[in-house]
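Peer 1: What follows is input.cif, mmCIF, C-alpha atoms and all ligand atoms.
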data_query
loop_
_atom_site.label_atom_id
_atom_site.label_comp_id
_atom_site.auth_asym_id
_atom_site.auth_seq_id
_atom_site.Cartn_x
_atom_site.Cartn_y
_atom_site.Cartn_z
CA MET A 1 0.00 0.00 0.00
CA VAL A 2 1.43 3.35 -1.05
CA VAL A 3 -0.05 6.45 0.58
CA GLY A 4 -0.01 9.53 -1.66
CA GLY A 5 -1.07 10.53 -5.14
CA GLY A 6 1.52 12.54 -7.03
CA GLY A 7 4.42 12.08 -9.43
CA ARG A 8 6.69 10.95 -6.61
CA GLU A 9 4.27 8.19 -5.62
CA HIS A 10 3.98 7.12 -9.27
CA ALA A 11 7.77 6.79 -9.45
CA ILE A 12 7.84 4.79 -6.20
CA ILE A 13 5.05 2.50 -7.45
CA LYS A 14 6.67 1.89 -10.84
CA LYS A 15 9.94 0.95 -9.13
CA LEU A 16 8.18 -1.28 -6.58
CA LYS A 17 6.45 -3.11 -9.44
CA GLU A 18 9.87 -4.26 -10.65
CA SER A 19 10.36 -6.24 -7.44
CA LYS A 20 9.71 -9.97 -7.69
CA ASN A 21 8.10 -9.95 -4.27
CA VAL A 22 5.49 -7.31 -5.01
CA THR A 23 2.31 -8.82 -6.42
CA GLU A 24 -0.34 -6.16 -5.89
CA ILE A 25 -0.16 -2.45 -5.09
CA PHE A 26 -2.86 -0.18 -3.70
CA ALA A 27 -2.48 3.60 -3.97
CA LEU A 28 -4.35 5.85 -1.50
CA PRO A 29 -5.61 7.92 -3.23
CA GLY A 30 -3.32 7.56 -6.28
CA ASN A 31 -4.46 9.41 -9.41
CA GLY A 32 -5.70 8.83 -12.94
CA GLY A 33 -2.22 7.98 -14.21
CA ILE A 34 -1.18 5.87 -11.25
CA ALA A 35 -4.33 3.81 -11.96
CA ASN A 36 -2.35 2.10 -14.77
CA ASP A 37 0.12 0.72 -12.25
CA ALA A 38 -1.82 0.28 -9.00
CA LYS A 39 -5.34 -0.09 -7.68
CA CYS A 40 -6.41 3.40 -6.61
CA ILE A 41 -8.56 3.68 -3.49
CA ASP A 42 -10.51 6.82 -2.76
CA ILE A 43 -8.97 7.56 0.65
CA GLY A 44 -7.07 10.82 1.14
CA ALA A 45 -3.45 10.79 2.30
CA LYS A 46 -4.39 12.64 5.50
CA GLU A 47 -7.27 10.33 6.49
CA ILE A 48 -5.19 8.36 8.95
CA ASP A 49 -8.02 6.34 10.52
CA LYS A 50 -9.39 5.29 7.13
CA ILE A 51 -5.90 4.39 5.90
CA ARG A 52 -5.36 2.16 8.93
CA ASP A 53 -8.80 0.53 8.63
CA PHE A 54 -8.29 -0.14 4.93
CA ALA A 55 -4.87 -1.66 5.58
CA VAL A 56 -6.31 -3.98 8.21
CA ALA A 57 -9.29 -4.98 6.06
CA GLU A 58 -7.10 -5.73 3.03
CA LYS A 59 -4.43 -7.47 5.13
CA ILE A 60 -1.75 -5.19 3.70
CA ASP A 61 1.72 -6.77 4.05
CA PHE A 62 3.74 -3.58 3.76
CA ALA A 63 2.99 0.14 3.62
CA VAL A 64 4.90 3.09 2.21
CA VAL A 65 3.83 6.52 3.45
CA ALA A 66 5.26 9.05 0.99
CA PRO A 67 3.96 12.61 1.64
CA ASP A 68 4.94 14.88 4.54
CA ASP A 69 1.44 15.51 5.95
CA PRO A 70 0.49 11.92 6.87
CA LEU A 71 3.99 11.27 8.22
CA VAL A 72 3.83 14.31 10.49
CA LEU A 73 0.25 13.35 11.47
CA GLY A 74 1.40 9.88 12.56
CA ALA A 75 0.28 7.55 9.76
CA VAL A 76 3.25 5.24 10.37
CA ASP A 77 2.52 5.13 14.11
CA ALA A 78 -1.12 4.22 13.37
CA LEU A 79 -0.10 1.42 10.99
CA ASN A 80 2.59 0.10 13.30
CA GLU A 81 0.00 -0.10 16.09
CA VAL A 82 -1.94 -2.63 14.03
CA ASN A 83 1.30 -4.48 13.20
CA ILE A 84 1.67 -3.37 9.61
CA PRO A 85 5.32 -2.82 8.71
CA CYS A 86 5.95 0.58 7.12
CA PHE A 87 8.54 2.52 5.23
CA GLY A 88 8.59 6.02 6.67
CA PRO A 89 9.37 7.76 9.96
CA THR A 90 7.07 7.85 12.97
CA ALA A 91 5.63 11.24 13.89
CA ASN A 92 8.26 11.92 16.55
CA ALA A 93 10.98 11.64 13.87
CA ALA A 94 9.00 13.29 11.04
CA ILE A 95 9.18 16.47 13.13
CA ILE A 96 12.58 16.99 11.48
CA GLU A 97 10.53 18.36 8.56
CA GLY A 98 7.36 19.24 10.48
CA SER A 99 9.04 21.92 12.59
CA LYS A 100 11.79 24.19 11.32
CA VAL A 101 12.37 25.38 14.89
CA PHE A 102 13.00 21.76 15.90
CA SER A 103 15.40 21.09 13.02
CA LYS A 104 17.33 24.33 13.49
CA ASN A 105 17.72 23.70 17.22
CA LEU A 106 18.80 20.11 16.51
CA MET A 107 21.52 21.31 14.14
CA LYS A 108 22.73 23.91 16.60
CA LYS A 109 22.83 21.42 19.48
CA TYR A 110 24.78 18.83 17.47
CA ASN A 111 27.04 21.20 15.49
CA ILE A 112 25.58 20.32 12.11
CA PRO A 113 26.45 23.09 9.62
CA THR A 114 23.48 25.31 8.75
CA ALA A 115 22.62 29.00 8.39
CA GLU A 116 22.75 31.15 11.54
CA TYR A 117 19.24 31.87 12.83
CA GLU A 118 16.93 33.31 15.46
CA VAL A 119 13.53 31.93 16.50
CA PHE A 120 10.55 34.17 17.33
CA ASP A 121 7.10 33.51 18.72
CA ASN A 122 6.27 37.19 18.98
CA CYS A 123 5.82 39.52 16.01
CA ASP A 124 7.07 42.70 17.69
CA GLU A 125 10.28 41.04 18.82
CA ALA A 126 10.89 39.67 15.32
CA LEU A 127 10.35 43.13 13.81
CA LYS A 128 12.69 44.70 16.36
CA TYR A 129 15.39 42.14 15.53
CA LEU A 130 14.99 42.89 11.82
CA GLU A 131 15.77 46.57 12.34
CA ASN A 132 19.45 45.68 12.54
CA ALA A 133 19.65 42.18 10.98
CA PRO A 134 21.86 41.58 7.94
CA ILE A 135 19.97 41.85 4.63
CA PRO A 136 19.08 39.84 2.52
CA THR A 137 17.53 37.55 5.07
CA VAL A 138 15.34 34.47 4.99
CA ILE A 139 12.03 34.16 6.86
CA LYS A 140 10.65 30.66 7.44
CA ALA A 141 7.34 29.57 8.93
CA ASP A 142 7.90 26.87 11.55
CA GLY A 143 5.38 24.31 10.30
CA LEU A 144 4.42 22.67 7.01
CA ALA A 145 3.24 25.19 4.41
CA LEU A 146 2.97 23.21 1.17
CA GLY A 147 6.60 24.05 0.43
CA LYS A 148 5.74 27.76 0.37
CA GLY A 149 6.70 28.83 3.88
CA VAL A 150 10.06 30.33 2.94
CA ILE A 151 10.43 33.99 1.96
CA ILE A 152 13.77 35.40 0.82
CA ALA A 153 13.68 39.10 1.67
CA LYS A 154 16.03 41.32 -0.33
CA THR A 155 15.16 44.47 1.63
CA ARG A 156 14.40 45.26 5.28
CA GLU A 157 10.87 46.26 4.28
CA GLU A 158 10.25 42.93 2.52
CA ALA A 159 11.54 41.10 5.58
CA MET A 160 9.18 42.99 7.89
CA ASP A 161 6.24 42.45 5.54
CA ALA A 162 7.04 38.73 5.44
CA VAL A 163 7.06 38.50 9.23
CA LYS A 164 3.77 40.39 9.51
CA SER A 165 2.12 38.25 6.82
CA MET A 166 3.13 35.06 8.64
CA MET A 167 2.61 36.11 12.26
CA GLU A 168 -0.25 38.61 12.05
CA ASP A 169 -2.11 37.81 8.82
CA LYS A 170 -1.44 34.06 9.28
CA ILE A 171 -1.01 33.40 5.57
CA PHE A 172 0.27 29.93 6.49
CA GLY A 173 -2.18 29.45 9.36
CA ASP A 174 -0.75 28.07 12.58
CA SER A 175 2.47 27.17 10.74
CA GLY A 176 3.43 30.82 11.21
CA ASN A 177 2.91 30.94 15.01
CA ASN A 178 6.66 30.54 15.33
CA ILE A 179 9.12 31.74 12.73
CA VAL A 180 12.80 31.34 11.98
CA VAL A 181 14.79 34.31 10.70
CA GLU A 182 17.84 32.94 8.96
CA GLU A 183 21.15 34.03 7.48
CA PHE A 184 21.03 34.24 3.66
CA LEU A 185 23.41 31.69 2.17
CA THR A 186 24.73 31.42 -1.37
CA GLY A 187 26.04 28.58 -3.48
CA PRO A 188 24.77 25.72 -5.63
CA GLU A 189 21.97 23.62 -4.17
CA VAL A 190 22.03 19.84 -4.03
CA SER A 191 19.31 17.42 -2.99
CA VAL A 192 20.48 14.20 -1.39
CA LEU A 193 17.87 11.60 -0.54
CA SER A 194 19.06 8.85 1.76
CA PHE A 195 17.83 5.58 3.17
CA THR A 196 18.34 5.33 6.91
CA ASP A 197 17.21 2.92 9.62
CA GLY A 198 18.92 4.70 12.51
CA ASN A 199 21.95 2.39 12.27
CA VAL A 200 23.34 3.35 8.88
CA VAL A 201 22.63 6.09 6.38
CA ILE A 202 22.93 5.27 2.69
CA PRO A 203 22.77 8.27 0.37
CA MET A 204 21.10 7.81 -3.00
CA VAL A 205 22.40 9.40 -6.18
CA SER A 206 22.42 13.21 -5.79
CA SER A 207 20.07 15.46 -7.74
CA MET A 208 19.23 19.06 -8.62
CA ASP A 209 15.75 20.55 -8.47
CA HIS A 210 14.54 23.54 -10.51
CA LYS A 211 12.08 25.32 -8.25
CA ARG A 212 11.24 28.48 -10.16
CA ALA A 213 8.37 28.46 -12.65
CA LYS A 214 10.19 30.05 -15.60
CA ASP A 215 13.37 29.54 -17.61
CA ASN A 216 16.61 30.96 -16.15
CA ASP A 217 15.24 30.51 -12.63
CA GLU A 218 12.75 33.34 -13.03
CA GLY A 219 9.15 33.47 -11.90
CA LEU A 220 7.54 32.17 -8.73
CA ASN A 221 8.68 29.28 -6.59
CA THR A 222 6.89 26.04 -7.43
CA GLY A 223 6.86 22.49 -6.12
CA GLY A 224 9.62 21.79 -8.67
CA MET A 225 9.63 22.10 -12.48
CA GLY A 226 12.24 19.47 -13.22
CA THR A 227 15.27 17.62 -11.94
CA ILE A 228 18.51 16.04 -13.04
CA ALA A 229 20.71 13.39 -11.43
CA PRO A 230 23.48 13.11 -10.52
CA ASN A 231 24.21 16.70 -9.50
CA PRO A 232 27.64 17.67 -10.92
CA TYR A 233 28.40 19.97 -7.99
CA TYR A 234 28.20 17.01 -5.65
CA THR A 235 31.71 15.68 -6.17
CA GLU A 236 33.21 12.74 -4.27
CA GLU A 237 34.98 15.14 -1.91
CA VAL A 238 31.77 17.01 -1.15
CA ALA A 239 29.96 13.70 -0.62
CA LYS A 240 32.59 12.59 1.87
CA GLU A 241 32.37 15.86 3.78
CA CYS A 242 28.57 15.69 3.87
CA MET A 243 28.67 12.11 5.16
CA GLU A 244 31.04 13.03 7.99
CA LYS A 245 29.65 16.42 8.97
CA ILE A 246 25.96 16.17 8.12
CA PHE A 247 24.47 12.75 7.35
CA ILE A 248 25.89 10.62 10.16
CA PRO A 249 25.68 13.42 12.75
CA THR A 250 22.00 13.96 11.86
CA MET A 251 21.16 10.28 12.20
CA GLU A 252 23.01 10.08 15.52
CA ALA A 253 21.43 13.30 16.78
CA MET A 254 17.95 11.92 16.12
CA ASN A 255 18.87 8.70 17.95
CA LYS A 256 20.16 10.66 20.93
CA GLU A 257 16.95 12.67 21.04
CA GLY A 258 14.97 9.41 21.18
CA ARG A 259 13.59 10.07 17.70
CA CYS A 260 15.17 7.29 15.62
CA PHE A 261 14.46 8.11 11.97
CA LYS A 262 13.59 5.21 9.67
CA GLY A 263 12.74 5.92 6.07
CA CYS A 264 13.94 8.40 3.47
CA LEU A 265 15.73 11.35 4.99
CA TYR A 266 16.16 14.15 2.49
CA PHE A 267 19.01 16.62 2.86
CA GLY A 268 18.52 19.94 1.07
CA LEU A 269 22.06 21.28 0.93
CA MET A 270 23.75 24.46 -0.15
CA LEU A 271 27.42 24.26 -1.07
CA THR A 272 28.53 27.58 0.39
CA PRO A 273 32.04 29.09 0.23
CA ASN A 274 32.33 27.87 3.86
CA GLY A 275 31.39 24.29 3.04
CA PRO A 276 28.12 22.38 2.66
CA LYS A 277 25.27 23.53 4.89
CA VAL A 278 21.79 22.17 5.50
CA ILE A 279 19.03 24.36 4.04
CA GLU A 280 16.26 21.98 5.01
CA TYR A 281 15.49 18.42 5.99
CA ASN A 282 12.54 16.57 4.56
CA CYS A 283 11.20 13.42 6.18
CA ARG A 284 10.37 11.81 2.83
CA PHE A 285 11.32 11.35 -0.81
CA GLY A 286 11.52 14.68 -2.66
CA ASP A 287 9.22 15.54 -5.52
CA PRO A 288 10.37 15.72 -8.36
CA GLU A 289 13.78 14.42 -7.20
CA THR A 290 12.38 10.90 -6.84
CA GLN A 291 11.44 10.94 -10.52
CA VAL A 292 15.16 11.01 -11.46
CA VAL A 293 16.65 9.13 -8.51
CA LEU A 294 14.55 5.96 -8.50
CA PRO A 295 14.78 5.30 -12.26
CA LEU A 296 18.56 5.06 -11.71
CA LEU A 297 18.17 2.56 -8.85
CA GLU A 298 19.26 -0.90 -9.99
CA SER A 299 18.59 -2.71 -6.70
CA ASP A 300 15.25 -3.96 -5.42
CA LEU A 301 13.42 -1.00 -3.83
CA PHE A 302 11.01 -3.22 -1.91
CA GLU A 303 13.87 -5.15 -0.31
CA ILE A 304 15.59 -1.89 0.66
CA MET A 305 12.37 -0.61 2.19
CA GLN A 306 11.85 -3.83 4.13
CA HIS A 307 15.41 -3.69 5.46
CA THR A 308 14.88 -0.05 6.44
CA ALA A 309 11.72 -0.87 8.39
CA GLU A 310 13.38 -3.85 10.09
CA GLY A 311 16.55 -1.94 11.03
CA THR A 312 18.77 -4.20 8.88
CA LEU A 313 19.60 -1.67 6.19
CA LYS A 314 23.29 -2.56 6.40
CA ASP A 315 22.38 -5.89 4.73
CA ALA A 316 20.59 -4.28 1.79
CA GLU A 317 22.08 -3.89 -1.66
CA VAL A 318 21.67 -0.26 -2.78
CA LYS A 319 23.16 0.24 -6.23
CA PHE A 320 22.61 3.03 -8.73
CA ALA A 321 23.34 2.96 -12.46
CA ASP A 322 26.37 4.97 -13.56
CA LYS A 323 24.13 7.04 -15.83
CA SER A 324 22.27 10.34 -15.81
CA ALA A 325 18.57 11.13 -15.66
CA CYS A 326 16.49 14.19 -16.47
CA CYS A 327 12.85 14.83 -15.55
CA VAL A 328 10.92 17.65 -17.23
CA VAL A 329 7.71 18.56 -15.44
CA MET A 330 4.79 19.44 -17.70
CA ALA A 331 2.41 21.77 -15.88
CA SER A 332 -0.80 23.64 -16.59
CA GLU A 333 -0.16 27.14 -17.95
CA GLY A 334 -0.54 29.56 -15.02
CA TYR A 335 0.81 27.23 -12.32
CA PRO A 336 1.68 27.94 -9.47
CA GLN A 337 -1.17 30.47 -9.56
CA LYS A 338 -4.47 30.16 -11.41
CA TYR A 339 -4.80 27.59 -14.17
CA ASP A 340 -7.50 25.71 -16.06
CA SER A 341 -7.74 21.94 -16.06
CA GLY A 342 -9.88 19.16 -17.47
CA PHE A 343 -7.97 18.81 -20.75
CA GLU A 344 -7.40 15.40 -22.31
CA ILE A 345 -3.84 14.04 -22.10
CA THR A 346 -2.35 11.80 -24.76
CA MET A 347 1.07 10.27 -24.17
CA PRO A 348 3.16 7.25 -25.12
CA GLU A 349 2.68 4.19 -22.90
CA ASP A 350 6.18 2.77 -22.96
CA LYS A 351 7.95 5.72 -21.34
CA ASN A 352 8.91 6.78 -17.82
CA ILE A 353 6.10 9.29 -17.47
CA TYR A 354 5.08 9.97 -13.88
CA VAL A 355 1.60 11.37 -13.54
CA ALA A 356 1.03 13.95 -10.80
CA GLY A 357 -2.20 15.83 -11.47
CA ALA A 358 -4.63 13.91 -13.67
CA LYS A 359 -7.91 12.07 -13.29
CA LEU A 360 -9.73 9.42 -15.28
CA SER A 361 -13.11 10.38 -16.70
CA ASP A 362 -15.01 8.01 -19.02
CA GLY A 363 -11.75 6.24 -19.79
CA LYS A 364 -9.99 9.47 -20.71
CA LEU A 365 -7.06 10.91 -18.79
CA LEU A 366 -7.72 14.59 -18.02
CA THR A 367 -5.47 17.22 -16.48
CA ALA A 368 -6.41 17.87 -12.85
CA GLY A 369 -3.64 19.85 -11.22
CA GLY A 370 -0.88 22.41 -11.54
CA ARG A 371 1.90 19.96 -12.11
CA VAL A 372 0.38 17.42 -14.50
CA LEU A 373 3.21 14.96 -15.13
CA GLY A 374 6.96 14.46 -15.28
CA VAL A 375 8.79 12.99 -18.25
CA THR A 376 11.99 11.18 -17.28
CA GLU A 377 14.68 9.83 -19.59
CA ILE A 378 17.96 8.15 -18.73
CA GLY A 379 21.16 8.58 -20.74
CA ASP A 380 24.80 7.58 -20.61
CA ASP A 381 25.57 11.21 -19.89
CA LEU A 382 23.57 14.22 -18.77
CA LYS A 383 23.23 15.83 -22.20
CA THR A 384 21.86 12.63 -23.72
CA ALA A 385 19.32 12.35 -20.89
CA ILE A 386 18.21 15.98 -21.27
CA ASP A 387 17.85 15.72 -25.06
CA ALA A 388 15.89 12.47 -24.76
CA ALA A 389 13.55 13.93 -22.11
CA TYR A 390 12.74 16.91 -24.32
CA GLU A 391 12.17 14.59 -27.33
CA THR A 392 9.64 12.63 -25.28
CA VAL A 393 8.00 15.85 -24.05
CA LYS A 394 7.14 16.53 -27.71
CA THR A 395 5.08 13.34 -27.83
CA VAL A 396 2.93 14.28 -24.80
CA LYS A 397 -0.06 16.43 -25.65
CA PHE A 398 -2.61 18.37 -23.66
CA ASP A 399 -4.07 21.86 -24.00
CA ASN A 400 -2.47 24.54 -21.85
CA ALA A 401 0.74 22.51 -21.38
CA TYR A 402 3.63 24.49 -19.95
CA PHE A 403 7.18 23.40 -19.20
CA ARG A 404 10.60 24.91 -18.70
CA HIS A 405 13.00 24.62 -21.63
CA ASP A 406 16.22 24.75 -19.63
CA ILE A 407 16.04 21.85 -17.18
CA GLY A 408 19.60 20.62 -16.68
CA GLN A 409 21.33 23.51 -18.47
CA LYS A 410 22.87 24.88 -15.28
CA ALA A 411 24.17 21.42 -14.46
CA LEU A 412 25.60 21.01 -17.96
CA ALA A 413 27.44 24.33 -17.66
CA ALA A 414 28.73 23.34 -14.21
CA LYS A 415 29.93 20.01 -15.54
CA LYS A 416 32.01 21.80 -18.13
CA CYS A 417 33.54 24.04 -15.42
CA ILE A 418 34.23 21.18 -13.07
CA GLY A 419 35.68 19.23 -16.01
CA LYS A 420 33.55 16.15 -15.50
CA ASP A 421 31.96 16.20 -18.92
CA SER A 422 33.22 14.31 -21.93
P1 LIG A 501 12.48 25.29 1.06
O1 LIG A 501 11.02 25.54 0.79
O2 LIG A 501 12.82 25.16 2.50
O3 LIG A 501 13.03 24.21 0.16
O4 LIG A 501 13.23 26.62 0.59
C1 LIG A 501 12.99 27.10 -0.69
C2 LIG A 501 14.25 27.65 -1.25
O5 LIG A 501 14.61 28.82 -0.54
C3 LIG A 501 15.47 26.76 -1.15
O6 LIG A 501 15.53 25.81 -2.15
C4 LIG A 501 16.58 27.77 -1.28
O7 LIG A 501 16.78 28.09 -2.65
C5 LIG A 501 16.01 28.99 -0.61
N1 LIG A 501 16.57 29.12 0.75
C6 LIG A 501 16.10 28.56 1.90
N2 LIG A 501 16.88 28.91 2.95
C7 LIG A 501 17.85 29.71 2.46
C8 LIG A 501 18.97 30.40 3.05
N3 LIG A 501 19.22 30.35 4.35
N4 LIG A 501 19.75 31.14 2.22
C9 LIG A 501 19.49 31.23 0.91
N5 LIG A 501 18.46 30.60 0.30
C10 LIG A 501 17.65 29.84 1.05
N1 LIG A 502 11.63 19.07 -4.33
C1 LIG A 502 11.67 19.54 -3.01
C2 LIG A 502 10.77 18.83 -2.09
O1 LIG A 502 10.30 17.75 -2.34
O2 LIG A 502 10.51 19.36 -1.02
#
Take the structure in this file and express it as structure tokens.
Peer 2:
Amino acid sequence: MVVGGGGREHAIIKKLKESKNVTEIFALPGNGGIANDAKCIDIGAKEIDKIRDFAVAEKIDFAVVAPDDPLVLGAVDALNEVNIPCFGPTANAAIIEGSKVFSKNLMKKYNIPTAEYEVFDNCDEALKYLENAPIPTVIKADGLALGKGVIIAKTREEAMDAVKSMMEDKIFGDSGNNIVVEEFLTGPEVSVLSFTDGNVVIPMVSSMDHKRAKDNDEGLNTGGMGTIAPNPYYTEEVAKECMEKIFIPTMEAMNKEGRCFKGCLYFGLMLTPNGPKVIEYNCRFGDPETQVVLPLLESDLFEIMQHTAEGTLKDAEVKFADKSACCVVMASEGYPQKYDSGFEITMPEDKNIYVAGAKLSDGKLLTAGGRVLGVTEIGDDLKTAIDAAYETVKTVKFDNAYFRHDIGQKALAAKKCIGKDS
């Protein structure tokens, strides 16, 4: 049983289907595209009681809880209570994403490199602090905010407006009761997803997200408009440093706090002039990072997940192909703001296309979300993967389709600089 219904869940399900030990997959709620690969059940990802009852009734052997909300709400705890093994952290460990105040304090306590910060639960005090704080600065809502709770303020006025909008106008609801005001860092960003069972941490192939809506990183922040893997900035030396200073210390810190993390721990890193620093932790697979990382996984995902749940991850084989992948997200024109949907989608069947926002209606697949789908291609090198992804994009049709044209270009340029390209 896979809880969730986006492109990430589709990628997880497609990879799980390759396992010889997986015979049937239910997706809760899944979506119109996932319906090709799993039996979709009309239960929302946040309906914890219904999820548990369904799992018991269907005698589910193994559950994967993919999105942040159900993890933070305790879906894994609820399933474990009825003896259903799960991939994903319990609520007391998912707090590493659920509360920025928690994660910042954890990093400070255990000397894990991150941006300097102050925490406020009072608007006036935050505003007073901002009168003399270095600018630009970064304002973060404490709780989950659909990935939108981060405001980079380039002026003092913007910073103050951001604080007021979060703490007084409550644009992110209770997520803005507490806020973090953070030092502005610079440098290339890298996403590293890892498997961890609290005993070992095994990083997956690194990746690069493209968060802005428009080419050249312009436009609004989105859930992610495309990804590539591996990330050329993440060299072997950087990986080694991250393992020693960030990954293992984070796992051990969570153990010491009595919050053993089992599942996919996502490290959002910035490679600053002063070394790699943590920008954010996520308690789950990233979206759309998963859509480039899992296609490169050669080992059996289900076995890895079972080992993670059982605490025997050290015995798992986790091997990635020595290739590159590129995922281009096709969205509805207007996303992340207003957009129309309900348009018929036609696409090839034999491709790695991960459906995010689509529904089935009278046998037709119709657009039903901002991010509609992600087209992933693998290549021997990054350029081949990018070119192939854009070729496949041409074969996917729906009205109002919008996508970025430059996914991977920054990485290609970096590769040339770093001298890793052929
Ligand atoms: P998040 O929603 O936490 O992934 O943050 C969104 C984006 O804001 C990140 O991908 C970074 O590009 C940027 N960001 C977050 N924190 C900082 C920081 N301290 N300095 C500079 N940029 C940041
Ligand atoms: N792609 C970033 C995230 O999943 O939060």
Peer 1: Which of these, A:Val2, A:Ile152, A:Leu28, A:Ile12, has the shortest distance to ligand LIG 501 (chain A) once you count only C-alpha atoms and all ligand atoms?
Peer 2: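 Using only C-alpha atoms and all ligand atoms, ligand LIG 501 (chain A) sits closest to A:Ile152.
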Peer 1: Give the answer as one residue: which of A:Ile25, A:Met305, A:Cys260, A:Ala78 has the shortest atom-to-atom distance to Asp53 of chain A, using only C-alpha atoms?
Peer 2: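 Closest residue, counting only C-alpha atoms: A:Ala78.
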Peer 1: Counting all atoms listed in the file, which residues of segment 321-383 of chain A fall within 9 Å of segment 389-410 of chain A, and what is the closest atom pair for each with its distance in Å at one decimal, ordered by chain and rising number, as JSON lines?
Peer 2:
{"residue": "A:Ala325", "atom": "CA", "partner": "A:Ala389", "partner_atom": "CA", "distance": 8.6}
{"residue": "A:Cys326", "atom": "CA", "partner": "A:Ala389", "partner_atom": "CA", "distance": 6.4}
{"residue": "A:Cys327", "atom": "CA", "partner": "A:Ala389", "partner_atom": "CA", "distance": 6.7}
{"residue": "A:Val328", "atom": "CA", "partner": "A:Ile407", "partner_atom": "CA", "distance": 6.6}
{"residue": "A:Val329", "atom": "CA", "partner": "A:Phe403", "partner_atom": "CA", "distance": 6.2}
{"residue": "A:Met330", "atom": "CA", "partner": "A:Phe403", "partner_atom": "CA", "distance": 4.9}
{"residue": "A:Ala331", "atom": "CA", "partner": "A:Tyr402", "partner_atom": "CA", "distance": 5.0}
{"residue": "A:Ser332", "atom": "CA", "partner": "A:Ala401", "partner_atom": "CA", "distance": 5.2}
{"residue": "A:Glu333", "atom": "CA", "partner": "A:Tyr402", "partner_atom": "CA", "distance": 5.0}
{"residue": "A:Gly334", "atom": "CA", "partner": "A:Tyr402", "partner_atom": "CA", "distance": 8.2}
{"residue": "A:Tyr335", "atom": "CA", "partner": "A:Tyr402", "partner_atom": "CA", "distance": 8.6}
{"residue": "A:Tyr339", "atom": "CA", "partner": "A:Asn400", "partner_atom": "CA", "distance": 8.6}
{"residue": "A:Asp340", "atom": "CA", "partner": "A:Asn400", "partner_atom": "CA", "distance": 7.8}
{"residue": "A:Ser341", "atom": "CA", "partner": "A:Asn400", "partner_atom": "CA", "distance": 8.2}
{"residue": "A:Phe343", "atom": "CA", "partner": "A:Asp399", "partner_atom": "CA", "distance": 5.9}
{"residue": "A:Glu344", "atom": "CA", "partner": "A:Phe398", "partner_atom": "CA", "distance": 5.8}
{"residue": "A:Ile345", "atom": "CA", "partner": "A:Phe398", "partner_atom": "CA", "distance": 4.8}
{"residue": "A:Thr346", "atom": "CA", "partner": "A:Lys397", "partner_atom": "CA", "distance": 5.2}
{"residue": "A:Met347", "atom": "CA", "partner": "A:Val396", "partner_atom": "CA", "distance": 4.5}
{"residue": "A:Pro348", "atom": "CA", "partner": "A:Thr395", "partner_atom": "CA", "distance": 6.9}
{"residue": "A:Lys351", "atom": "CA", "partner": "A:Thr392", "partner_atom": "CA", "distance": 8.1}
{"residue": "A:Leu366", "atom": "CA", "partner": "A:Phe398", "partner_atom": "CA", "distance": 8.5}
{"residue": "A:Thr367", "atom": "CA", "partner": "A:Phe398", "partner_atom": "CA", "distance": 7.8}
{"residue": "A:Val372", "atom": "CA", "partner": "A:Ala401", "partner_atom": "CA", "distance": 8.6}
{"residue": "A:Gly374", "atom": "CA", "partner": "A:Val393", "partner_atom": "CA", "distance": 8.9}
{"residue": "A:Val375", "atom": "CA", "partner": "A:Ala389", "partner_atom": "CA", "distance": 6.2}
{"residue": "A:Thr376", "atom": "CA", "partner": "A:Ala389", "partner_atom": "CA", "distance": 5.8}
{"residue": "A:Glu377", "atom": "CA", "partner": "A:Ala389", "partner_atom": "CA", "distance": 4.9}
{"residue": "A:Ile378", "atom": "CA", "partner": "A:Ala389", "partner_atom": "CA", "distance": 8.0}
{"residue": "A:Leu382", "atom": "CA", "partner": "A:Gly408", "partner_atom": "CA", "distance": 7.8}
{"residue": "A:Lys383", "atom": "CA", "partner": "A:Gly408", "partner_atom": "CA", "distance": 8.2}
Peer 1: At a cut-off of 12 Å around ligand LIG 502 (chain A), and using only C-alpha atoms and all ligand atoms, what residues come up? Please write them as a ChimeraX atom specification.
Peer 2: /A:6-9,66-68,97-98,144-150,189-193,207-212,221-228,264-269,279-293,329
Peer 1: State, in Å with one decimal place, the distance from atom O4 of ligand LIG 501 (chain A) to atom CA of Met167 of chain A.
Peer 2: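 One can read the atom O4 of ligand LIG 501 (chain A) to atom CA of Met167 of chain A distance as 18.4 Å.
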Peer 1: What is the distance, in Å and to one decimal place, between atom CA of Asn231 of chain A and atom CA of Ala321 of chain A?
Peer 2: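 Between these atoms lies a distance of 14.1 Å.
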Peer 1: From the options A:Glu24, A:Glu81, A:Asp174, A:Glu182, which residue's atoms come nearest to ligand LIG 501 (chain A), counting all atoms listed in the file?
Peer 2: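 Answer, going by the shortest atom-to-atom distance: A:Glu182.
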Peer 1: For a quick check of understanding, using all atoms listed in the file, which of A:Ile151, A:Cys123, A:Ile13, A:Ala57 has the smallest distance to ligand LIG 501 (chain A)?
Peer 2: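 Counting all atoms listed in the file, the residue closest to ligand LIG 501 (chain A) is A:Ile151.
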Peer 1: Taking only C-alpha atoms into account, which of A:Ala94, A:Cys40, A:Val238, A:Val138 comes nearest Val119 of chain A?
Peer 2: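 Going through A:Ala94, A:Cys40, A:Val238, A:Val138 one by one, the smallest distance to Val119 of chain A is for A:Val138.
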Peer 1: Between atom CA of Gly44 of chain A and atom CA of Arg259 of chain A, what distance in Å does the model show, to one decimal?
Peer 2: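 Distance reported for this atom pair: 26.5 Å.
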Peer 1: Assuming 4 Å of padding per side, give the centre and edge lengths of the axis-aligned box around every listed atom of segment 122-133 of chain A, in Å to one decimal and as JSON.
Peer 2:
{"center_x": 12.7, "center_y": 41.9, "center_z": 15.0, "size_x": 21.8, "size_y": 17.4, "size_z": 16.0}
